[in-house]
$ cat input-v5.cif   # mmCIF, C-alpha atoms
data_upload
loop_
_atom_site.label_atom_id
_atom_site.label_comp_id
_atom_site.auth_asym_id
_atom_site.auth_seq_id
_atom_site.Cartn_x
_atom_site.Cartn_y
_atom_site.Cartn_z
CA MET A 1 223.27 213.38 -177.25
CA ASP A 2 226.68 213.62 -178.91
CA ARG A 3 226.86 215.74 -182.07
CA THR A 4 229.17 215.76 -185.06
CA ASN A 5 229.26 216.81 -188.68
CA ALA A 6 229.22 214.43 -191.62
CA ASN A 7 232.92 214.88 -192.48
CA ASP A 8 234.07 214.12 -188.94
CA PHE A 9 231.66 211.18 -188.80
CA ARG A 10 233.13 209.68 -191.99
CA SER A 11 236.68 210.22 -190.77
CA ASN A 12 236.05 208.68 -187.35
CA LEU A 13 233.33 206.13 -188.06
CA LYS A 14 234.61 203.52 -185.61
CA GLU A 15 234.82 205.99 -182.72
CA TRP A 16 231.33 207.36 -183.40
CA MET A 17 229.90 203.84 -183.55
CA GLU A 18 231.47 203.14 -180.15
CA ALA A 19 229.99 206.38 -178.80
CA ALA A 20 226.54 205.36 -180.10
CA ARG A 21 226.62 202.29 -177.88
CA SER A 22 225.90 204.49 -174.86
CA GLU A 23 223.97 207.43 -176.35
CA PRO A 24 222.63 208.59 -179.71
CA VAL A 25 224.88 210.60 -182.02
CA LYS A 26 223.40 213.42 -184.13
CA ILE A 27 225.17 213.80 -187.48
CA THR A 28 224.56 217.05 -189.35
CA ARG A 29 225.35 217.81 -193.00
CA LYS A 30 226.41 221.25 -194.22
CA SER A 31 222.90 221.64 -195.63
CA GLY A 32 221.47 221.31 -192.12
CA GLU A 33 219.94 217.90 -192.78
CA ALA A 34 220.50 215.72 -189.71
CA PHE A 35 220.54 212.01 -188.92
CA VAL A 36 220.82 210.05 -185.69
CA LEU A 37 223.00 207.01 -185.09
CA LEU A 38 221.93 204.84 -182.19
CA ASN A 39 222.32 201.37 -180.80
CA ALA A 40 220.03 198.88 -182.59
CA ASP A 41 218.67 197.52 -179.29
CA ASP A 42 217.69 201.05 -178.23
CA PHE A 43 216.04 201.63 -181.61
CA GLU A 44 214.02 198.41 -181.34
CA LYS A 45 212.95 199.34 -177.81
CA MET A 46 211.86 202.77 -179.04
CA GLN A 47 209.84 201.16 -181.85
CA LEU A 48 208.14 198.83 -179.37
CA ASP A 49 207.42 201.69 -176.95
CA LEU A 50 205.96 203.73 -179.82
CA ALA A 51 203.70 200.87 -180.89
CA ARG A 52 202.49 200.44 -177.31
CA LEU A 53 201.76 204.15 -176.98
CA GLN A 54 199.88 204.16 -180.28
CA GLY A 55 197.80 201.20 -179.08
CA LEU A 56 197.12 202.90 -175.76
CA THR A 57 196.09 206.11 -177.54
CA ALA A 58 193.70 204.20 -179.79
CA SER A 59 192.22 202.43 -176.76
CA LEU A 60 191.73 205.69 -174.89
CA MET A 61 190.03 207.19 -177.94
CA ASP A 62 187.65 204.21 -178.01
CA VAL A 63 186.76 204.80 -174.37
CA ALA A 64 186.37 208.56 -174.85
CA GLN A 65 184.07 208.02 -177.84
CA GLY A 66 181.97 205.35 -176.13
CA ARG A 67 183.07 202.48 -178.36
CA THR A 68 183.50 200.05 -175.47
CA LYS A 69 181.30 197.56 -173.65
CA PRO A 70 181.62 195.83 -170.28
CA ALA A 71 183.93 192.82 -170.23
CA SER A 72 182.62 189.35 -169.54
CA ALA A 73 184.50 186.23 -168.50
CA GLU A 74 184.12 184.88 -172.04
CA SER A 75 185.36 188.03 -173.75
CA THR A 76 188.32 188.25 -171.37
CA ASP A 77 189.25 184.61 -171.97
CA ALA A 78 189.04 185.13 -175.74
CA LEU A 79 191.20 188.24 -175.51
CA PHE A 80 193.91 186.44 -173.54
CA GLU A 81 193.82 183.52 -175.96
CA ARG A 82 194.32 185.84 -178.96
CA ALA A 83 197.16 187.63 -177.17
CA LYS A 84 198.80 184.31 -176.34
CA GLU A 85 198.55 183.12 -179.95
CA LYS A 86 199.99 186.40 -181.23
CA ALA A 87 202.91 186.26 -178.76
CA LEU A 88 203.70 182.67 -179.72
CA SER A 89 203.59 183.45 -183.45
CA MET A 90 205.89 186.44 -182.93
CA ARG A 91 208.31 184.26 -180.97
CA LYS A 92 208.33 181.67 -183.77
CA ALA A 93 208.94 184.36 -186.39
CA LYS A 94 211.80 185.82 -184.36
CA THR A 95 213.35 182.35 -183.96
CA ARG A 96 213.09 181.72 -187.73
CA LYS A 97 214.61 185.13 -188.46
CA ALA A 98 217.52 184.49 -186.08
CA ALA A 99 218.14 181.05 -187.59
CA GLY A 100 217.97 182.27 -191.21
#

$ encode --input "input-v5.cif" --output "structure tokens"
Amino acid sequence: MDRTNANDFRSNLKEWMEAARSEPVKITRKSGEAFVLLNADDFEKMQLDLARLQGLTASLMDVAQGRTKPASAESTDALFERAKEKALSMRKAKTRKAAG
């Protein structure tokens, strides 16, 4: 991770934005407060990975605490149908967002 201070970041914004295309840049104020500049695609991927890990953690907790039951053909079909509907609605929302 590249590092810089806030003054240098302000003075060389364009160069630091270019650097952030390939790796995050840590920007530190005199007070010690720090921020990270990173590529938006990388940030979105990190957000998605985090959501997946949170879902996996919740699922594992359900198993560990006995809050599960055996799957049936009907429950599996219903699960896949809900997942399909959710994926399609997310795709439509993304398309609307890109168009608007």

$ resolve_selection --input "input-v5.cif" --expression "the PyMOL selection byres ((chain A and resi 3) around 8)" --output "PyMOL selection string"
chain A and resi 1-2+4-5+25-28

$ atom_distance --input "input-v5.cif" --atom1 "CA of Glu23 in chain A" --atom2 "CA of Ala98 in chain A"
25.7 Å

$ atom_distance --input "input-v5.cif" --atom1 "CA of Glu85 in chain A" --atom2 "CA of Ala51 in chain A"
18.5 Å

$ resolve_selection --input "input-v5.cif" --expression "the PyMOL selection byres ((chain A and resi 29-40) around 9)" --output "number ranges by chain"
A: 5-7, 16-17, 19-28, 41-45

$ atom_distance --input "input-v5.cif" --atom1 "CA of Met61 in chain A" --atom2 "CA of Asp49 in chain A"
18.3 Å

$ build_atoms --input "input-v5.cif" --residues "range 67-86 of chain A" --atoms "N, CA and C atoms" --output "mmCIF file, in the frame of the given file"
data_model
loop_
_atom_site.group_PDB
_atom_site.id
_atom_site.type_symbol
_atom_site.label_atom_id
_atom_site.label_comp_id
_atom_site.auth_asym_id
_atom_site.auth_seq_id
_atom_site.Cartn_x
_atom_site.Cartn_y
_atom_site.Cartn_z
ATOM 1 N N ARG A 67 183.049 203.681 -177.531
ATOM 2 C CA ARG A 67 183.070 202.480 -178.360
ATOM 3 C C ARG A 67 183.529 201.255 -177.568
ATOM 4 N N THR A 68 183.121 201.176 -176.322
ATOM 5 C CA THR A 68 183.500 200.050 -175.470
ATOM 6 C C THR A 68 182.245 199.425 -174.865
ATOM 7 N N LYS A 69 182.399 198.216 -174.360
ATOM 8 C CA LYS A 69 181.300 197.560 -173.650
ATOM 9 C C LYS A 69 181.899 196.816 -172.467
ATOM 10 N N PRO A 70 181.096 196.524 -171.467
ATOM 11 C CA PRO A 70 181.620 195.830 -170.280
ATOM 12 C C PRO A 70 182.209 194.466 -170.657
ATOM 13 N N ALA A 71 183.277 194.107 -169.978
ATOM 14 C CA ALA A 71 183.930 192.820 -170.230
ATOM 15 C C ALA A 71 183.167 191.708 -169.525
ATOM 16 N N SER A 72 183.181 190.546 -170.155
ATOM 17 C CA SER A 72 182.620 189.350 -169.540
ATOM 18 C C SER A 72 183.735 188.329 -169.396
ATOM 19 N N ALA A 73 183.495 187.278 -168.657
ATOM 20 C CA ALA A 73 184.500 186.230 -168.500
ATOM 21 C C ALA A 73 184.870 185.640 -169.861
ATOM 22 N N GLU A 74 183.872 185.455 -170.721
ATOM 23 C CA GLU A 74 184.120 184.880 -172.040
ATOM 24 C C GLU A 74 184.956 185.816 -172.914
ATOM 25 N N SER A 75 184.619 187.101 -172.910
ATOM 26 C CA SER A 75 185.360 188.030 -173.750
ATOM 27 C C SER A 75 186.796 188.192 -173.249
ATOM 28 N N THR A 76 186.977 188.152 -171.937
ATOM 29 C CA THR A 76 188.320 188.250 -171.370
ATOM 30 C C THR A 76 189.141 187.022 -171.722
ATOM 31 N N ASP A 77 188.550 185.844 -171.604
ATOM 32 C CA ASP A 77 189.250 184.610 -171.970
ATOM 33 C C ASP A 77 189.646 184.626 -173.448
ATOM 34 N N ALA A 78 188.742 185.075 -174.303
ATOM 35 C CA ALA A 78 189.040 185.130 -175.740
ATOM 36 C C ALA A 78 190.161 186.130 -176.020
ATOM 37 N N LEU A 79 190.150 187.242 -175.334
ATOM 38 C CA LEU A 79 191.200 188.240 -175.510
ATOM 39 C C LEU A 79 192.559 187.676 -175.127
ATOM 40 N N PHE A 80 192.637 187.014 -173.974
ATOM 41 C CA PHE A 80 193.910 186.440 -173.540
ATOM 42 C C PHE A 80 194.373 185.337 -174.483
ATOM 43 N N GLU A 81 193.455 184.576 -175.019
ATOM 44 C CA GLU A 81 193.820 183.520 -175.960
ATOM 45 C C GLU A 81 194.403 184.119 -177.241
ATOM 46 N N ARG A 82 193.784 185.178 -177.764
ATOM 47 C CA ARG A 82 194.320 185.840 -178.960
ATOM 48 C C ARG A 82 195.700 186.438 -178.690
ATOM 49 N N ALA A 83 195.860 187.039 -177.517
ATOM 50 C CA ALA A 83 197.160 187.630 -177.170
ATOM 51 C C ALA A 83 198.229 186.547 -177.053
ATOM 52 N N LYS A 84 197.869 185.423 -176.478
ATOM 53 C CA LYS A 84 198.800 184.310 -176.340
ATOM 54 C C LYS A 84 199.215 183.783 -177.713
ATOM 55 N N GLU A 85 198.251 183.600 -178.599
ATOM 56 C CA GLU A 85 198.550 183.120 -179.950
ATOM 57 C C GLU A 85 199.453 184.103 -180.697
ATOM 58 N N LYS A 86 199.184 185.384 -180.559
ATOM 59 C CA LYS A 86 199.990 186.400 -181.230
ATOM 60 C C LYS A 86 201.421 186.383 -180.685
#
